[in-house]
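Below is model.cif, which holds mmCIF, C-alpha atoms.
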data_run
#
loop_
_atom_site.group_PDB
_atom_site.id
_atom_site.type_symbol
_atom_site.label_atom_id
_atom_site.label_comp_id
_atom_site.auth_asym_id
_atom_site.auth_seq_id
_atom_site.Cartn_x
_atom_site.Cartn_y
_atom_site.Cartn_z
ATOM 1 C CA MET A 1 96.180 237.882 90.951
ATOM 2 C CA ARG A 2 93.362 235.367 90.720
ATOM 3 C CA ARG A 3 94.549 231.756 90.639
ATOM 4 C CA THR A 4 93.258 229.951 87.580
ATOM 5 C CA GLN A 5 94.206 226.653 85.980
ATOM 6 C CA ALA A 6 95.852 228.527 83.107
ATOM 7 C CA LEU A 7 97.849 230.813 85.400
ATOM 8 C CA VAL A 8 99.068 227.901 87.516
ATOM 9 C CA ARG A 9 100.103 225.982 84.386
ATOM 10 C CA VAL A 10 102.021 229.002 83.085
ATOM 11 C CA ALA A 11 103.641 229.485 86.501
ATOM 12 C CA VAL A 12 104.784 225.846 86.538
ATOM 13 C CA SER A 13 106.330 226.262 83.066
ATOM 14 C CA LEU A 14 108.046 229.526 83.950
ATOM 15 C CA LEU A 15 109.460 228.195 87.205
ATOM 16 C CA ALA A 16 110.760 225.052 85.482
ATOM 17 C CA ASP A 17 113.514 227.262 84.075
ATOM 18 C CA PRO A 18 113.485 230.444 86.142
ATOM 19 C CA ASP A 19 116.654 231.938 84.639
ATOM 20 C CA GLY A 20 115.935 231.218 80.997
ATOM 21 C CA ARG A 21 114.413 233.242 78.212
ATOM 22 C CA ARG A 22 110.954 232.015 77.270
ATOM 23 C CA TRP A 23 109.005 232.470 74.045
ATOM 24 C CA GLY A 24 105.237 232.682 73.780
ATOM 25 C CA TYR A 25 104.916 229.689 71.460
ATOM 26 C CA ASP A 26 107.194 227.522 73.606
ATOM 27 C CA LEU A 27 105.282 228.448 76.746
ATOM 28 C CA MET A 28 102.062 227.555 74.975
ATOM 29 C CA GLN A 29 103.378 224.098 74.116
ATOM 30 C CA GLU A 30 104.978 223.461 77.509
ATOM 31 C CA SER A 31 102.065 224.617 79.613
ATOM 32 C CA GLY A 32 99.304 223.311 77.355
ATOM 33 C CA VAL A 33 97.520 226.646 77.710
ATOM 34 C CA ARG A 34 95.995 227.834 74.452
ATOM 35 C CA SER A 35 97.254 231.127 73.105
ATOM 36 C CA GLY A 36 93.931 232.906 73.675
ATOM 37 C CA ALA A 37 94.465 232.455 77.418
ATOM 38 C CA LEU A 38 98.274 232.578 77.492
ATOM 39 C CA TYR A 39 98.852 235.990 75.943
ATOM 40 C CA PRO A 40 96.460 237.861 78.279
ATOM 41 C CA ILE A 41 98.237 236.153 81.216
ATOM 42 C CA LEU A 42 101.639 237.232 79.899
ATOM 43 C CA ARG A 43 100.339 240.788 79.546
ATOM 44 C CA ARG A 44 99.113 240.781 83.152
ATOM 45 C CA LEU A 45 102.411 239.353 84.418
ATOM 46 C CA LEU A 46 104.294 242.073 82.523
ATOM 47 C CA ASP A 47 102.060 244.790 83.946
ATOM 48 C CA GLU A 48 102.571 243.464 87.458
ATOM 49 C CA GLY A 49 106.338 243.487 86.946
ATOM 50 C CA TRP A 50 106.593 239.722 87.426
ATOM 51 C CA LEU A 51 108.010 239.311 83.922
ATOM 52 C CA SER A 52 110.265 241.453 81.804
ATOM 53 C CA ASP A 53 110.429 241.252 78.043
ATOM 54 C CA GLY A 54 112.809 241.940 75.176
ATOM 55 C CA TRP A 55 113.498 241.081 71.561
ATOM 56 C CA GLU A 56 116.002 238.715 70.017
ATOM 57 C CA ASP A 57 119.093 240.353 68.614
ATOM 58 C CA PRO A 58 118.495 240.549 64.825
ATOM 59 C CA ALA A 59 122.216 239.986 64.256
ATOM 60 C CA THR A 60 121.956 236.477 65.706
ATOM 61 C CA ILE A 61 119.097 235.256 63.493
ATOM 62 C CA ARG A 62 118.639 234.883 59.740
ATOM 63 C CA GLY A 63 115.599 234.769 57.512
ATOM 64 C CA ARG A 64 112.957 235.432 60.133
ATOM 65 C CA PRO A 65 111.811 238.333 62.312
ATOM 66 C CA PRO A 66 113.156 238.611 65.887
ATOM 67 C CA ARG A 67 110.955 236.998 68.516
ATOM 68 C CA ARG A 68 109.842 238.546 71.783
ATOM 69 C CA TYR A 69 111.120 236.801 74.881
ATOM 70 C CA TYR A 70 110.023 236.832 78.500
ATOM 71 C CA GLU A 71 112.152 236.552 81.616
ATOM 72 C CA LEU A 72 111.124 236.134 85.212
ATOM 73 C CA THR A 73 111.988 239.071 87.451
ATOM 74 C CA GLU A 74 113.002 238.721 91.102
ATOM 75 C CA LEU A 75 109.530 239.865 92.064
ATOM 76 C CA GLY A 76 107.971 237.374 89.665
ATOM 77 C CA LEU A 77 110.072 234.559 91.032
ATOM 78 C CA ARG A 78 108.856 235.314 94.552
ATOM 79 C CA GLN A 79 105.223 235.897 93.638
ATOM 80 C CA LEU A 80 104.839 232.915 91.329
ATOM 81 C CA GLY A 81 106.661 230.753 93.858
ATOM 82 C CA ALA A 82 104.177 231.860 96.493
ATOM 83 C CA LEU A 83 101.305 231.245 94.086
ATOM 84 C CA LEU A 84 102.448 227.681 93.467
ATOM 85 C CA ALA A 85 102.970 227.103 97.174
ATOM 86 C CA GLU A 86 99.343 228.079 97.750
ATOM 87 C CA ALA A 87 98.188 226.039 94.764
ATOM 88 C CA ARG A 88 99.765 222.927 96.304
ATOM 89 C CA HIS A 89 97.139 223.036 99.040
ATOM 90 C CA ASP A 90 94.298 223.505 96.586
ATOM 91 C CA ALA A 91 92.585 220.375 95.312
ATOM 92 C CA ARG A 92 91.788 222.049 91.969
ATOM 93 C CA PHE A 93 95.477 222.165 91.027
ATOM 94 C CA ARG A 94 96.618 218.709 92.196
ATOM 95 C CA GLN A 95 97.013 217.484 88.626
ATOM 96 C CA ILE A 96 99.105 220.477 87.598
ATOM 97 C CA VAL A 97 101.490 221.371 90.394
ATOM 98 C CA PRO A 98 104.456 219.007 90.662
ATOM 99 C CA GLY A 99 105.304 217.408 93.972
ATOM 100 C CA VAL A 100 101.748 217.132 95.216
ATOM 101 C CA ALA A 101 100.601 213.836 96.622
ATOM 102 C CA GLN A 102 97.485 212.525 94.848
ATOM 103 C CA MET B 1 89.647 217.850 18.829
ATOM 104 C CA SER B 2 87.753 218.070 22.029
ATOM 105 C CA GLY B 3 89.999 215.339 23.409
ATOM 106 C CA LEU B 4 93.026 217.458 22.580
ATOM 107 C CA LEU B 5 91.477 220.453 24.277
ATOM 108 C CA ASP B 6 90.694 218.371 27.337
ATOM 109 C CA GLY B 7 94.242 217.109 27.326
ATOM 110 C CA GLY B 8 95.462 220.708 27.036
ATOM 111 C CA SER B 9 93.410 221.906 29.983
ATOM 112 C CA ALA B 10 94.466 218.873 32.007
ATOM 113 C CA PHE B 11 98.060 219.872 31.346
ATOM 114 C CA TRP B 12 97.481 223.180 33.137
ATOM 115 C CA ILE B 13 95.667 221.716 36.110
ATOM 116 C CA PHE B 14 98.799 220.364 37.734
ATOM 117 C CA PRO B 15 100.965 223.532 37.729
ATOM 118 C CA VAL B 16 97.990 225.690 38.699
ATOM 119 C CA SER B 17 97.184 223.331 41.575
ATOM 120 C CA VAL B 18 100.802 223.457 42.711
ATOM 121 C CA LEU B 19 100.742 227.241 42.585
ATOM 122 C CA VAL B 20 97.455 227.460 44.494
ATOM 123 C CA PHE B 21 98.657 224.914 47.050
ATOM 124 C CA GLY B 22 101.970 226.731 47.493
ATOM 125 C CA ALA B 23 100.291 230.113 47.786
ATOM 126 C CA THR B 24 97.796 228.756 50.302
ATOM 127 C CA LEU B 25 100.500 227.135 52.374
ATOM 128 C CA GLY B 26 102.954 229.997 52.132
ATOM 129 C CA LEU B 27 100.849 233.153 51.995
ATOM 130 C CA LEU B 28 97.478 232.500 53.575
ATOM 131 C CA PRO B 29 98.584 232.161 57.234
ATOM 132 C CA GLY B 30 100.538 235.414 57.018
ATOM 133 C CA LEU B 31 97.671 237.247 55.305
ATOM 134 C CA VAL B 32 95.079 236.063 57.814
ATOM 135 C CA LEU B 33 97.356 236.918 60.735
ATOM 136 C CA ARG B 34 97.993 240.349 59.241
ATOM 137 C CA LEU B 35 94.245 240.978 59.368
ATOM 138 C CA LEU B 36 93.838 239.554 62.877
ATOM 139 C CA VAL B 37 96.567 241.651 64.500
ATOM 140 C CA ARG B 38 94.713 244.761 63.391
ATOM 141 C CA LEU B 39 92.508 244.168 66.414
ATOM 142 C CA TYR B 40 95.482 245.173 68.579
ATOM 143 C CA PRO B 41 96.305 248.863 69.138
ATOM 144 C CA LYS B 42 98.675 250.292 66.549
ATOM 145 C CA ASP B 43 101.865 250.302 68.622
ATOM 146 C CA ASP B 44 101.174 247.127 70.573
ATOM 147 C CA PRO B 45 104.304 244.925 70.495
ATOM 148 C CA ARG B 46 102.098 241.837 70.273
ATOM 149 C CA ARG B 47 101.518 242.596 66.575
ATOM 150 C CA ASP B 48 105.195 241.959 65.810
ATOM 151 C CA GLU B 49 105.386 239.192 68.393
ATOM 152 C CA LEU B 50 102.678 237.095 66.759
ATOM 153 C CA PHE B 51 104.289 237.507 63.341
ATOM 154 C CA ALA B 52 107.659 236.486 64.708
ATOM 155 C CA GLU B 53 106.091 233.411 66.332
ATOM 156 C CA LEU B 54 104.441 232.477 63.023
ATOM 157 C CA TYR B 55 107.815 232.364 61.312
ATOM 158 C CA GLY B 56 109.656 231.066 64.390
ATOM 159 C CA PRO B 57 112.069 228.116 64.167
ATOM 160 C CA LYS B 58 109.744 225.614 65.862
ATOM 161 C CA MET B 59 106.660 226.365 63.792
ATOM 162 C CA THR B 60 106.127 223.920 60.932
ATOM 163 C CA ARG B 61 104.287 225.034 57.794
ATOM 164 C CA PHE B 62 101.336 222.755 58.511
ATOM 165 C CA ARG B 63 101.149 223.846 62.154
ATOM 166 C CA ARG B 64 100.885 227.476 61.009
ATOM 167 C CA PHE B 65 97.281 227.048 59.875
ATOM 168 C CA GLU B 66 96.058 225.780 63.210
ATOM 169 C CA TRP B 67 98.093 228.363 65.080
ATOM 170 C CA VAL B 68 96.797 231.284 62.994
ATOM 171 C CA PHE B 69 93.191 230.238 63.533
ATOM 172 C CA GLN B 70 93.876 230.032 67.277
ATOM 173 C CA GLN B 71 94.971 233.648 67.077
ATOM 174 C CA LEU B 72 91.409 234.649 66.260
ATOM 175 C CA GLU B 73 90.561 234.000 69.905
ATOM 176 C CA THR B 74 93.806 235.643 71.040
ATOM 177 C CA ALA B 75 93.128 238.771 69.003
ATOM 178 C CA LEU B 76 89.521 238.989 70.145
ATOM 179 C CA ARG B 77 90.353 238.537 73.829
ATOM 180 C CA ASP B 78 93.796 240.064 74.154
ATOM 181 C CA GLY B 79 93.642 242.607 71.334
ATOM 182 C CA LEU B 80 90.297 244.125 72.209
ATOM 183 C CA SER B 81 91.094 244.216 75.924
ATOM 184 C CA ALA B 82 94.404 245.910 75.033
ATOM 185 C CA ARG B 83 92.445 248.579 73.180
ATOM 186 C CA ARG B 84 90.140 249.112 76.173
ATOM 187 C CA GLU B 85 93.122 249.237 78.542
ATOM 188 C CA LEU B 86 94.914 251.751 76.323
ATOM 189 C CA ARG B 87 91.876 254.048 76.376
ATOM 190 C CA ARG B 88 91.745 253.747 80.175
ATOM 191 C CA ARG B 89 95.464 254.503 80.492
ATOM 192 C CA ARG B 90 95.226 257.514 78.206
ATOM 193 C CA ALA B 91 92.478 258.919 80.399
ATOM 194 C CA ARG B 92 94.576 258.264 83.511
ATOM 195 C CA LEU B 93 97.630 259.811 81.872
ATOM 196 C CA ALA B 94 95.737 262.972 80.963
ATOM 197 C CA ALA B 95 94.428 263.245 84.536
ATOM 198 C CA ALA B 96 97.890 262.624 86.033
ATOM 199 C CA GLN B 97 99.584 265.136 83.757
ATOM 200 C CA GLN B 98 96.970 267.747 84.517
ATOM 201 C CA ARG B 99 97.277 267.146 88.241
ATOM 202 C CA LEU B 100 101.060 267.350 88.172
ATOM 203 C CA ALA B 101 100.987 270.481 85.991
ATOM 204 C CA GLU B 102 98.566 272.149 88.408
ATOM 205 C CA PHE B 103 100.788 271.200 91.303
ATOM 206 C CA LEU B 104 103.924 272.544 89.598
ATOM 207 C CA ASN B 105 102.207 275.814 88.754
ATOM 208 C CA ARG B 106 101.114 276.180 92.347
ATOM 209 C CA ALA B 107 104.561 275.214 93.637
ATOM 210 C CA ARG B 108 106.216 277.873 91.513
ATOM 211 C CA GLY B 109 104.320 280.541 93.385
ATOM 212 C CA GLU B 110 105.446 279.095 96.708
ATOM 213 C CA ASN B 111 109.139 280.041 96.454
ATOM 214 C CA LEU B 112 110.058 276.407 96.160
ATOM 215 C CA VAL B 113 113.772 275.648 96.341
ATOM 216 C CA SER B 114 113.949 271.989 95.411
ATOM 217 C CA LEU B 115 111.569 269.430 94.048
ATOM 218 C CA SER B 116 111.881 265.859 92.876
ATOM 219 C CA MET B 117 109.369 263.575 91.209
ATOM 220 C CA THR B 118 109.663 259.828 91.094
ATOM 221 C CA CYS B 119 107.554 257.296 89.303
ATOM 222 C CA HIS B 120 107.440 253.913 91.038
ATOM 223 C CA ARG B 121 106.051 251.475 88.508
ATOM 224 C CA THR B 122 105.747 247.921 89.752
ATOM 225 C CA GLY B 123 109.090 247.979 91.496
ATOM 226 C CA GLN B 124 110.916 250.034 88.879
ATOM 227 C CA VAL B 125 111.829 253.556 89.941
ATOM 228 C CA ARG B 126 112.300 256.338 87.424
ATOM 229 C CA GLU B 127 112.923 260.028 87.930
ATOM 230 C CA ILE B 128 110.576 262.319 86.068
ATOM 231 C CA THR B 129 111.203 265.996 85.494
ATOM 232 C CA SER B 130 107.941 267.098 83.925
ATOM 233 C CA PRO B 131 104.411 265.755 83.432
ATOM 234 C CA ASP B 132 105.307 265.021 79.805
ATOM 235 C CA ASP B 133 107.806 262.379 80.959
ATOM 236 C CA LEU B 134 104.909 260.162 82.003
ATOM 237 C CA THR B 135 103.670 257.652 79.432
ATOM 238 C CA THR B 136 100.699 255.337 79.105
ATOM 239 C CA ASN B 137 103.016 252.476 80.115
ATOM 240 C CA ASP B 138 103.367 254.122 83.531
ATOM 241 C CA MET B 139 99.636 254.099 84.069
ATOM 242 C CA VAL B 140 99.339 250.520 85.269
ATOM 243 C CA SER B 141 97.567 249.650 88.464
ATOM 244 C CA GLY B 142 99.913 250.078 91.393
ATOM 245 C CA THR B 143 101.981 252.905 89.926
ATOM 246 C CA VAL B 144 102.779 255.568 92.491
ATOM 247 C CA ILE B 145 104.072 259.000 91.627
ATOM 248 C CA ILE B 146 105.831 260.619 94.515
ATOM 249 C CA VAL B 147 106.519 264.327 94.594
ATOM 250 C CA ARG B 148 108.942 265.492 97.233
ATOM 251 C CA TRP B 149 109.820 269.081 97.817
ATOM 252 C CA TRP B 150 111.708 271.020 100.408
ATOM 253 C CA GLY B 151 113.350 274.363 101.024
ATOM 254 C CA TYR B 152 110.452 276.784 101.254
ATOM 255 C CA ARG B 153 111.866 280.248 101.813
ATOM 256 C CA GLN B 154 108.984 281.160 104.058
ATOM 257 C CA SER B 155 106.293 279.300 105.825
ATOM 258 C CA ASP B 156 103.143 279.476 103.826
ATOM 259 C CA HIS B 157 99.696 278.433 104.887
ATOM 260 C CA ARG B 158 98.765 277.716 101.294
ATOM 261 C CA ALA B 159 101.197 274.826 101.141
ATOM 262 C CA PRO B 160 99.481 271.564 100.184
ATOM 263 C CA SER B 161 98.097 269.774 103.187
ATOM 264 C CA PHE B 162 99.460 266.349 102.301
ATOM 265 C CA HIS B 163 103.016 267.327 103.218
ATOM 266 C CA GLU B 164 104.215 269.716 105.876
ATOM 267 C CA PRO B 165 107.156 271.491 104.256
ATOM 268 C CA THR B 166 110.426 271.509 106.170
ATOM 269 C CA PRO B 167 112.313 274.702 105.386
ATOM 270 C CA PHE B 168 115.721 274.264 103.760
ATOM 271 C CA ALA B 169 116.040 270.527 104.420
ATOM 272 C CA PRO B 170 114.801 267.391 102.752
ATOM 273 C CA PRO B 171 111.883 265.856 104.613
ATOM 274 C CA ALA B 172 112.939 263.334 107.240
ATOM 275 C CA VAL B 173 109.883 261.241 106.637
ATOM 276 C CA GLU B 174 108.893 260.331 103.123
ATOM 277 C CA PRO B 175 105.843 262.403 102.238
ATOM 278 C CA PRO B 176 102.776 260.613 100.983
ATOM 279 C CA ALA B 177 102.336 260.164 97.265
ATOM 280 C CA ILE B 178 100.089 262.685 95.617
ATOM 281 C CA LEU B 179 99.118 260.201 92.921
ATOM 282 C CA ASP B 180 98.472 256.588 93.663
ATOM 283 C CA TRP B 181 96.959 254.490 90.908
ATOM 284 C CA SER B 182 96.258 251.598 93.210
ATOM 285 C CA LYS B 183 93.326 253.755 94.334
ATOM 286 C CA PRO B 184 90.667 255.213 92.088
ATOM 287 C CA LEU B 185 91.237 258.745 90.902
ATOM 288 C CA PRO B 186 89.407 261.423 92.834
#
Could I get this file's structure written as structure tokens?
Amino acid sequence: MRRTQALVRVAVSLLADPDGRRWGYDLMQESGVRSGALYPILRRLLDEGWLSDGWEDPATIRGRPPRRYYELTELGLRQLGALLAEARHDARFRQIVPGVAQ
Amino acid sequence: MSGLLDGGSAFWIFPVSVLVFGATLGLLPGLVLRLLVRLYPKDDPRRDELFAELYGPKMTRFRRFEWVFQQLETALRDGLSARRELRRRRARLAAAQQRLAEFLNRARGENLVSLSMTCHRTGQVREITSPDDLTTNDMVSGTVIIVRWWGYRQSDHRAPSFHEPTPFAPPAVEPPAILDWSKPLP
């Protein structure tokens, strides 16, 4: 998968909480990636099997429709981890990837 | 008299303004989003997802406007590409089903004893029993459909060349996939 600023930002957000359930809107706010770029990335990650998805249990919510959540798969954890490891050596992503010396 | 009339019309301005303001704030984002998600294919889960996000717990009423107008870009990029991808997958699915059906018809005439079909889709493995079990969701890049068969009653030169059948025993070596979507279709 081609490394872009948006993908690296989304990867950083996803790996910040690798076991948690993530929502599209929350990911948008955390990563700072606008929704027009985020949702195509999420679709690609789903197709690659790096993410799995599901819907909130309607019994646990009231007065609103259930939201779709995303979870990192084992494969996604490995692949996005590798992607960030590569991004650390790339000057384009210095501002984004944590733990990189300026 | 005219002053009274003016006063009367002024009396209605406030409630009407409140109604218009409330309707704009409450209904407009949902209506606009309902139009935008039509750019997605009919059964695309993103239609429901975007609605759920609009009414999600962290979305304030004032933020909804900005968010809905951002979805114009999302729907144009993601929705239209989803439509193109769906068309591509349908074409792939039709080709895969036809190829599997042809293979099964041919295999029936070969005194086949046992056959298994597996769909490996991005790490997930699923048994399939007929071409109709395949769906457009399976037709992503990287999907491999593996057909294994064994137990020919007689050696037959017409057997497919991509796997040498081993009579009455499962193949020791995994035969190559007959369909591999990581490569372009023949």
Point-to-point distance in Å for CA of Ala82 (chain A) and CA of Ser13 (chain A):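 Answer for the CA of Ser13 (chain A) to CA of Ala82 (chain A) separation: 14.7 Å.
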Pull out every residue that the PyMOL selection byres ((chain A) within 8 of (chain B)) matches in the shown coordinates and put them as a ChimeraX atom specification. /A:24-25,34-37,39-40,47-49,64-68
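With only C-alpha atoms as the atoms that count, the minimum distance from Asp17 (chain A) to the choices A:Arg94, A:Glu30, A:Ala59, A:His89 is reached by A:Glu30.
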In the coordinate frame of the file, compute which residues have an atom within 12 Å of (100.1, 231.0, 53.5) when using all atoms listed in the file, and state them as a VMD selection string. chain B and resid 19 to 34 54 to 55 60 to 66 68
Could you please take those selected residues and save C-alpha atoms as a short mmCIF file (atom, residue, chain, number, x, y, z; two decimals), keeping the file's coordinate frame?
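To be explicit, this is the file written out as selection.cif:
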data_model
loop_
_atom_site.label_atom_id
_atom_site.label_comp_id
_atom_site.auth_asym_id
_atom_site.auth_seq_id
_atom_site.Cartn_x
_atom_site.Cartn_y
_atom_site.Cartn_z
CA LEU B 19 100.74 227.24 42.58
CA VAL B 20 97.46 227.46 44.49
CA PHE B 21 98.66 224.91 47.05
CA GLY B 22 101.97 226.73 47.49
CA ALA B 23 100.29 230.11 47.79
CA THR B 24 97.80 228.76 50.30
CA LEU B 25 100.50 227.14 52.37
CA GLY B 26 102.95 230.00 52.13
CA LEU B 27 100.85 233.15 52.00
CA LEU B 28 97.48 232.50 53.58
CA PRO B 29 98.58 232.16 57.23
CA GLY B 30 100.54 235.41 57.02
CA LEU B 31 97.67 237.25 55.30
CA VAL B 32 95.08 236.06 57.81
CA LEU B 33 97.36 236.92 60.74
CA ARG B 34 97.99 240.35 59.24
CA LEU B 54 104.44 232.48 63.02
CA TYR B 55 107.82 232.36 61.31
CA THR B 60 106.13 223.92 60.93
CA ARG B 61 104.29 225.03 57.79
CA PHE B 62 101.34 222.76 58.51
CA ARG B 63 101.15 223.85 62.15
CA ARG B 64 100.88 227.48 61.01
CA PHE B 65 97.28 227.05 59.88
CA GLU B 66 96.06 225.78 63.21
CA VAL B 68 96.80 231.28 62.99
#
Give me the result of the PyMOL selection byres ((chain A and resi 80) around 9) on this file, residue by residue, as a compact mmCIF listing (two decimals) with C-alpha atoms, in the frame of the given file.
# COMPACT_ATOMS: atom_id res chain seq x y z
CA VAL A 8 99.07 227.90 87.52
CA ALA A 11 103.64 229.48 86.50
CA VAL A 12 104.78 225.85 86.54
CA LEU A 14 108.05 229.53 83.95
CA LEU A 15 109.46 228.20 87.20
CA TRP A 50 106.59 239.72 87.43
CA LEU A 75 109.53 239.86 92.06
CA GLY A 76 107.97 237.37 89.66
CA LEU A 77 110.07 234.56 91.03
CA ARG A 78 108.86 235.31 94.55
CA GLN A 79 105.22 235.90 93.64
CA GLY A 81 106.66 230.75 93.86
CA ALA A 82 104.18 231.86 96.49
CA LEU A 83 101.30 231.24 94.09
CA LEU A 84 102.45 227.68 93.47
CA ALA A 85 102.97 227.10 97.17
Compile the contact shell of Gln5 (chain A) as a list in words: residues with an atom at most 8 Å away, counting all atoms listed in the file, same-chain residues fewer than 3 positions apart removed.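 Contacts, in chain order: Val8, Arg9, Arg92 and Phe93 of chain A.
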Shortest interatomic distance to Glu56 (chain A) - which of A:Arg21, A:Ile96, A:Leu27, A:Arg44, counting all atoms listed in the file: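 Distance minimum relative to Glu56 (chain A) lands on A:Arg21.
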List, as a PyMOL selection string, every residue that the PyMOL selection byres ((chain B and resi 85-98) around 7) selects in the file provided. chain B and resi 81-84+99-102+131-132+135-136+139
CA of Gln95 (chain A) to CA of Gly32 (chain A), straight-line distance in Å: 12.9 Å
Which residues are close to Tyr70 (chain A), i.e. within 6 Å by all atoms listed in the file, leaving aside same-chain residues fewer than 6 positions away? Reply as a CSV table (one decimal) with C-alpha atoms, in the frame of the given file.
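Now in result19.csv:
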chain,number,residue,atom,x,y,z
A,21,ARG,CA,114.4,233.2,78.2
A,22,ARG,CA,111.0,232.0,77.3
A,52,SER,CA,110.3,241.5,81.8
A,53,ASP,CA,110.4,241.3,78.0
Quick one, how far is CA of Arg47 (chain B) from CA of Asp133 (chain B)?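 The value is 25.3 Å.
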Please enclose the listed atoms of region 47-52 of chain A in an axis-aligned box, pad each side by 8 Å, and write out the centre and the three edge lengths in Å, rounded to one decimal, as lines of an AutoDock Vina configuration file.
center_x = 106.2
center_y = 242.1
center_z = 84.6
size_x = 24.2
size_y = 21.5
size_z = 21.7
Rank A:Pro98, A:Met28, A:Glu86, A:Val10 by their smallest atom-to-atom distance to Leu51 (chain A), using all atoms listed in the file, and report the top residue only.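 Ranking A:Pro98, A:Met28, A:Glu86, A:Val10 by distance to Leu51 (chain A), first place goes to A:Val10.
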Of the residues B:Glu127, B:Cys119, B:Asp43, B:Val147, which is the one nearest to Phe103 (chain B), using all atoms listed in the file?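 Ranked by minimum distance to Phe103 (chain B), first place goes to B:Val147.
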